[in-house]
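One structure is given here, and the rest of the page talks about it.
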Amino acid sequence: MRRKWTFSKLLLLLESAVVLYTTYEGFALARLAVGYGYLGTLPWVAATVSAAWGAYGASAGFYYNKAKAENTTGGIVFESACGRQARGQLGDQMADMFRSHGLTSFSSYFLIV
């Protein structure tokens with residue numbers, strides 16, 4: 001059975017194509033400008049390409065977050081795969097590590113490191 005493409009997946013695919021095209025054309029235009037002897041800076045290329053990739057990064061992040069939420073509902077998640085015993089041992093090991101450093105909380109460990 002063939003899976004139907006969701007709107008969000010299609011949108012991300014099309015945005016990928018637009019970002020790649022923008023990058024390619026931006027660099028082609030910069031190469032053309034330099035080829036004709038332009039010796040100035042090219043901040044407009046950096047701004048255009050960076051803005052396109054920034055927007056794509058935000059879209060991809062939200063898409064993957066949406067996919068994660070959809071695919072874990074009613075399915076297997078890390079906690080259920082590990083089981084209670086594995087989670088308990090890991091928690092005990094982390095608590096021992098914090099105590100050995102003289103810390104009382106997880107967040108204070110990362111403030112020091």
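Chain lettering (A, B, ...) mirrors the order of the structure tokens, residue numbering begins at 1 for each chain separately, and ligand numbering begins at 1 in order of display.
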
task: Might you pull out every residue within 8 Å of stretch 37-54 of chain A, with only C-alpha atoms counted and same-chain residues fewer than 4 positions away left off, and present them as an NGL selection string?
output: :A and (19 or 22-23 or 26-27 or 30 or 33 or 58)

Problem - Selection near stretch 6-15 of chain A, 12 Å with only C-alpha atoms, sequence-local residues under 3 positions removed, as a PyMOL selection string - result: chain A and resi 3+18-22+52-67

- So how many Å separate atom CA of A:Glu70 and atom CA of A:Ala17, to one decimal?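 We find that atom CA of A:Glu70 and atom CA of A:Ala17 lie 24.9 Å from each other.
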